[in-house]
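First the structure, in the form of structure tokens, and then the observations on it.
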Amino acid sequence: MINATAEYALRAVVFLAGDDTEFVSRDRIARETKIPSDYLVRVLMSLDEAGVVSSQRGRSGGYRLNHSATDLTVYDVIAAVSALPRIDKCPLGIEEHIDLCPLHARLDQVAALADAAYRATSIAELLPGKRKAKQGCSFPHSG
């Protein structure tokens, strides 16, 4: 339901939320999250422009979150890097479908549910160690 850019943004933000370092280098973020460095540059730029992260140049520079992990939601991160898809007109182009046809109305309801789930999930909930290992994924650390 989310694109690669949004997935990478979530990986980077979750990593930053779990790191105690004041500023984390782009190279370290890329290495630890397995995000291609060239792609990460664009993701971090979008997150910076949206105010999710801030950057600092120089030897001790890098990136850090601007908000606590409990205050930042999955929605905030995804919306910073990509548009959340919603259906507002019939993609079939049928003129009689002034309102959404039943199929596309249902699909938009699914999108609304996903939107609500993103808004209800904080980044803190995604941090490694907050979930039981049996329930889900581990963070993609390099070995």
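Numbering starts fresh at 1 for the residues of each chain in the structure tokens, the chains themselves are lettered A, B, ... in the order given, and ligands are numbered from 1 as they appear.
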Please identify the strand (DSSP E) residues within stretch 8-119 of chain A (assignment by DSSP from backbone atoms) and present them as a list in words.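 So the strand (DSSP E) residues in stretch 8-119 of chain A would be Val53, Ser54, Ser55, Gln56, Gly62, Tyr63, Arg64 and Leu65 of chain A.
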Output C-alpha atoms for every residue in that selection, as a JSON list (two decimals), in the first residue's frame.
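Output file again25.json is given in full below:
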```json
[["chain", "number", "residue", "atom", "x", "y", "z"],
["A", 53, "VAL", "CA", 14.24, 15.65, 10.40],
["A", 54, "SER", "CA", 16.88, 18.32, 10.53],
["A", 55, "SER", "CA", 20.35, 18.19, 9.10],
["A", 56, "GLN", "CA", 23.68, 19.61, 10.11],
["A", 62, "GLY", "CA", 24.18, 14.29, 9.90],
["A", 63, "TYR", "CA", 20.46, 13.92, 10.54],
["A", 64, "ARG", "CA", 18.22, 13.77, 13.59],
["A", 65, "LEU", "CA", 14.49, 13.73, 14.26]]
```
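For the pair atom CA of A:Asn66 and atom CA of A:Ala114, the interatomic distance is 24.7 Å.
You can rank A:Ala120, A:Ala112, A:Val81, A:Ala6 by their closest distance to A:Leu47 using only C-alpha atoms, and at the top of that list sits A:Val81.
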Å distance separating atom CA of A:Gly93 from atom CA of A:Ala116, one decimal place: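 Separating atom CA of A:Gly93 from atom CA of A:Ala116 is a distance of 27.8 Å.
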Atom pair atom CA of A:Asp99 + atom CA of A:Ile78, distance 27.6 Å
Using only C-alpha atoms: which of A:Ala69, A:Cys90, A:Ser46, A:Val24 has the shortest distance to A:Tyr8: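 The answer is A:Ser46, which sits nearest to A:Tyr8.
Among the candidates A:Leu10, A:Gly58, A:Ala50, A:Arg106, the one nearest to A:Thr121 when counting only C-alpha atoms is A:Leu10.
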A:Arg57, A:Tyr118, A:Thr70, A:Arg86: which is nearest A:Gly18, counting only C-alpha atoms?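 Ranking A:Arg57, A:Tyr118, A:Thr70, A:Arg86 by distance to A:Gly18, first place goes to A:Thr70.
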Neighbour list for stretch 33-42 of chain A as a PDB file with N, CA, C and O atoms, in the first residue's frame, cut-off 12 Å, only C-alpha atoms, skip fewer than 4 positions in-chain:
```pdb
ATOM      1  N   ALA A   4       8.054   2.572  -2.437  1.00  0.00           N
ATOM      2  CA  ALA A   4       9.411   2.362  -1.931  1.00  0.00           C
ATOM      3  C   ALA A   4       9.945   3.593  -1.208  1.00  0.00           C
ATOM      4  O   ALA A   4      10.630   3.470  -0.189  1.00  0.00           O
ATOM      5  N   THR A   5       9.634   4.776  -1.700  1.00  0.00           N
ATOM      6  CA  THR A   5      10.106   5.994  -1.059  1.00  0.00           C
ATOM      7  C   THR A   5       9.565   6.098   0.363  1.00  0.00           C
ATOM      8  O   THR A   5      10.305   6.422   1.299  1.00  0.00           O
ATOM      9  N   ALA A   6       8.282   5.816   0.533  1.00  0.00           N
ATOM     10  CA  ALA A   6       7.678   5.861   1.867  1.00  0.00           C
ATOM     11  C   ALA A   6       8.279   4.789   2.775  1.00  0.00           C
ATOM     12  O   ALA A   6       8.542   5.031   3.958  1.00  0.00           O
ATOM     13  N   GLU A   7       8.518   3.604   2.225  1.00  0.00           N
ATOM     14  CA  GLU A   7       9.135   2.538   3.020  1.00  0.00           C
ATOM     15  C   GLU A   7      10.533   2.953   3.474  1.00  0.00           C
ATOM     16  O   GLU A   7      10.898   2.769   4.640  1.00  0.00           O
ATOM     17  N   TYR A   8      11.312   3.516   2.591  1.00  0.00           N
ATOM     18  CA  TYR A   8      12.659   3.960   2.947  1.00  0.00           C
ATOM     19  C   TYR A   8      12.602   5.084   3.981  1.00  0.00           C
ATOM     20  O   TYR A   8      13.424   5.141   4.897  1.00  0.00           O
ATOM     21  N   ALA A   9      11.654   5.993   3.823  1.00  0.00           N
ATOM     22  CA  ALA A   9      11.512   7.076   4.799  1.00  0.00           C
ATOM     23  C   ALA A   9      11.194   6.512   6.179  1.00  0.00           C
ATOM     24  O   ALA A   9      11.763   6.950   7.186  1.00  0.00           O
ATOM     25  N   LEU A  10      10.306   5.529   6.233  1.00  0.00           N
ATOM     26  CA  LEU A  10       9.980   4.903   7.511  1.00  0.00           C
ATOM     27  C   LEU A  10      11.198   4.193   8.101  1.00  0.00           C
ATOM     28  O   LEU A  10      11.457   4.299   9.305  1.00  0.00           O
ATOM     29  N   ARG A  11      11.953   3.488   7.273  1.00  0.00           N
ATOM     30  CA  ARG A  11      13.161   2.829   7.772  1.00  0.00           C
ATOM     31  C   ARG A  11      14.125   3.846   8.386  1.00  0.00           C
ATOM     32  O   ARG A  11      14.669   3.635   9.472  1.00  0.00           O
ATOM     33  N   ALA A  12      14.359   4.938   7.662  1.00  0.00           N
ATOM     34  CA  ALA A  12      15.298   5.957   8.139  1.00  0.00           C
ATOM     35  C   ALA A  12      14.806   6.594   9.437  1.00  0.00           C
ATOM     36  O   ALA A  12      15.579   6.766  10.384  1.00  0.00           O
ATOM     37  N   VAL A  13      13.535   6.931   9.498  1.00  0.00           N
ATOM     38  CA  VAL A  13      12.988   7.588  10.687  1.00  0.00           C
ATOM     39  C   VAL A  13      12.997   6.643  11.885  1.00  0.00           C
ATOM     40  O   VAL A  13      13.360   7.039  12.995  1.00  0.00           O
ATOM     41  N   VAL A  14      12.633   5.393  11.690  1.00  0.00           N
ATOM     42  CA  VAL A  14      12.668   4.421  12.791  1.00  0.00           C
ATOM     43  C   VAL A  14      14.109   4.246  13.275  1.00  0.00           C
ATOM     44  O   VAL A  14      14.365   4.196  14.478  1.00  0.00           O
ATOM     45  N   PHE A  15      15.041   4.186  12.345  1.00  0.00           N
ATOM     46  CA  PHE A  15      16.443   4.072  12.749  1.00  0.00           C
ATOM     47  C   PHE A  15      16.870   5.280  13.571  1.00  0.00           C
ATOM     48  O   PHE A  15      17.482   5.140  14.635  1.00  0.00           O
ATOM     49  N   LEU A  16      16.558   6.483  13.094  1.00  0.00           N
ATOM     50  CA  LEU A  16      16.929   7.696  13.825  1.00  0.00           C
ATOM     51  C   LEU A  16      16.270   7.744  15.204  1.00  0.00           C
ATOM     52  O   LEU A  16      16.881   8.174  16.182  1.00  0.00           O
ATOM     53  N   GLY A  18      15.578   5.306  17.091  1.00  0.00           N
ATOM     54  CA  GLY A  18      16.189   4.337  17.983  1.00  0.00           C
ATOM     55  C   GLY A  18      17.655   4.576  18.261  1.00  0.00           C
ATOM     56  O   GLY A  18      18.288   3.828  19.003  1.00  0.00           O
ATOM     57  N   SER A  25      25.167  10.184  10.588  1.00  0.00           N
ATOM     58  CA  SER A  25      25.605  10.416   9.210  1.00  0.00           C
ATOM     59  C   SER A  25      24.712   9.681   8.215  1.00  0.00           C
ATOM     60  O   SER A  25      24.151   8.629   8.522  1.00  0.00           O
ATOM     61  N   ARG A  26      24.614  10.257   7.035  1.00  0.00           N
ATOM     62  CA  ARG A  26      23.836   9.636   5.971  1.00  0.00           C
ATOM     63  C   ARG A  26      24.400   8.263   5.627  1.00  0.00           C
ATOM     64  O   ARG A  26      23.657   7.316   5.397  1.00  0.00           O
ATOM     65  N   ASP A  27      25.729   8.144   5.616  1.00  0.00           N
ATOM     66  CA  ASP A  27      26.345   6.852   5.296  1.00  0.00           C
ATOM     67  C   ASP A  27      25.941   5.783   6.308  1.00  0.00           C
ATOM     68  O   ASP A  27      25.659   4.644   5.931  1.00  0.00           O
ATOM     69  N   ARG A  28      25.905   6.140   7.569  1.00  0.00           N
ATOM     70  CA  ARG A  28      25.514   5.164   8.593  1.00  0.00           C
ATOM     71  C   ARG A  28      24.047   4.786   8.453  1.00  0.00           C
ATOM     72  O   ARG A  28      23.687   3.609   8.571  1.00  0.00           O
ATOM     73  N   ILE A  29      23.205   5.764   8.194  1.00  0.00           N
ATOM     74  CA  ILE A  29      21.779   5.466   7.998  1.00  0.00           C
ATOM     75  C   ILE A  29      21.610   4.502   6.824  1.00  0.00           C
ATOM     76  O   ILE A  29      20.899   3.505   6.920  1.00  0.00           O
ATOM     77  N   SER A  46      13.520  15.287   1.417  1.00  0.00           N
ATOM     78  CA  SER A  46      12.065  15.463   1.566  1.00  0.00           C
ATOM     79  C   SER A  46      11.665  15.506   3.034  1.00  0.00           C
ATOM     80  O   SER A  46      10.835  16.326   3.436  1.00  0.00           O
ATOM     81  N   LEU A  47      12.250  14.630   3.840  1.00  0.00           N
ATOM     82  CA  LEU A  47      11.943  14.627   5.274  1.00  0.00           C
ATOM     83  C   LEU A  47      12.399  15.928   5.933  1.00  0.00           C
ATOM     84  O   LEU A  47      11.722  16.455   6.816  1.00  0.00           O
ATOM     85  N   ASP A  48      13.537  16.455   5.488  1.00  0.00           N
ATOM     86  CA  ASP A  48      14.057  17.719   6.009  1.00  0.00           C
ATOM     87  C   ASP A  48      13.132  18.875   5.614  1.00  0.00           C
ATOM     88  O   ASP A  48      12.765  19.713   6.447  1.00  0.00           O
ATOM     89  N   GLU A  49      12.734  18.913   4.355  1.00  0.00           N
ATOM     90  CA  GLU A  49      11.838  19.980   3.879  1.00  0.00           C
ATOM     91  C   GLU A  49      10.496  19.963   4.606  1.00  0.00           C
ATOM     92  O   GLU A  49       9.898  21.008   4.838  1.00  0.00           O
ATOM     93  N   SER A  55      19.016  18.606   9.495  1.00  0.00           N
ATOM     94  CA  SER A  55      20.355  18.190   9.097  1.00  0.00           C
ATOM     95  C   SER A  55      21.367  19.215   9.576  1.00  0.00           C
ATOM     96  O   SER A  55      21.037  20.386   9.799  1.00  0.00           O
ATOM     97  N   GLY A  62      25.015  15.416  10.279  1.00  0.00           N
ATOM     98  CA  GLY A  62      24.179  14.290   9.897  1.00  0.00           C
ATOM     99  C   GLY A  62      22.721  14.674  10.018  1.00  0.00           C
ATOM    100  O   GLY A  62      22.359  15.824   9.770  1.00  0.00           O
ATOM    101  N   TYR A  63      21.904  13.722  10.454  1.00  0.00           N
ATOM    102  CA  TYR A  63      20.462  13.924  10.544  1.00  0.00           C
ATOM    103  C   TYR A  63      19.960  13.497  11.912  1.00  0.00           C
ATOM    104  O   TYR A  63      20.513  12.592  12.536  1.00  0.00           O
ATOM    105  N   ALA A  80       5.247  13.137   4.206  1.00  0.00           N
ATOM    106  CA  ALA A  80       6.395  13.997   3.926  1.00  0.00           C
ATOM    107  C   ALA A  80       7.095  13.639   2.623  1.00  0.00           C
ATOM    108  O   ALA A  80       7.735  14.486   2.006  1.00  0.00           O
ATOM    109  N   VAL A  81       6.950  12.384   2.184  1.00  0.00           N
ATOM    110  CA  VAL A  81       7.710  11.946   1.010  1.00  0.00           C
ATOM    111  C   VAL A  81       6.856  11.537  -0.181  1.00  0.00           C
ATOM    112  O   VAL A  81       7.373  11.403  -1.291  1.00  0.00           O
ATOM    113  N   SER A  82       5.567  11.292   0.035  1.00  0.00           N
ATOM    114  CA  SER A  82       4.726  10.880  -1.093  1.00  0.00           C
ATOM    115  C   SER A  82       3.259  11.175  -0.783  1.00  0.00           C
ATOM    116  O   SER A  82       2.873  11.279   0.373  1.00  0.00           O
ATOM    117  N   SER A 138      12.412  -7.781  12.333  1.00  0.00           N
ATOM    118  CA  SER A 138      13.497  -7.131  13.042  1.00  0.00           C
ATOM    119  C   SER A 138      14.059  -6.051  12.146  1.00  0.00           C
ATOM    120  O   SER A 138      13.870  -6.089  10.938  1.00  0.00           O
ATOM    121  N   PHE A 139      14.728  -5.098  12.728  1.00  0.00           N
ATOM    122  CA  PHE A 139      15.266  -3.996  11.940  1.00  0.00           C
ATOM    123  C   PHE A 139      16.355  -4.516  11.015  1.00  0.00           C
ATOM    124  O   PHE A 139      17.120  -5.395  11.403  1.00  0.00           O
ATOM    125  N   PRO A 140      16.432  -4.006   9.795  1.00  0.00           N
ATOM    126  CA  PRO A 140      17.393  -4.550   8.819  1.00  0.00           C
ATOM    127  C   PRO A 140      18.834  -4.096   9.080  1.00  0.00           C
ATOM    128  O   PRO A 140      19.408  -3.362   8.306  1.00  0.00           O
ATOM    129  N   HIS A 141      19.416  -4.514  10.198  1.00  0.00           N
ATOM    130  CA  HIS A 141      20.811  -4.181  10.460  1.00  0.00           C
ATOM    131  C   HIS A 141      21.726  -4.987   9.565  1.00  0.00           C
ATOM    132  O   HIS A 141      21.453  -6.127   9.259  1.00  0.00           O
ATOM    133  N   SER A 142      22.816  -4.368   9.179  1.00  0.00           N
ATOM    134  CA  SER A 142      23.805  -5.103   8.390  1.00  0.00           C
ATOM    135  C   SER A 142      24.671  -5.902   9.355  1.00  0.00           C
ATOM    136  O   SER A 142      24.848  -5.540  10.498  1.00  0.00           O
ATOM    137  N   GLY A 143      25.180  -7.005   8.884  1.00  0.00           N
ATOM    138  CA  GLY A 143      25.940  -7.878   9.780  1.00  0.00           C
ATOM    139  C   GLY A 143      27.340  -7.831   9.592  1.00  0.00           C
ATOM    140  O   GLY A 143      28.296  -7.640   9.363  1.00  0.00           O
TER     141      GLY A 143
END
```
Nearest residue to A:Ser122 from the set A:Val74, A:Ala79, A:Met45, A:Ala17 (distances using only C-alpha atoms):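 Residue with the minimum atom-to-atom distance to A:Ser122: A:Val74.
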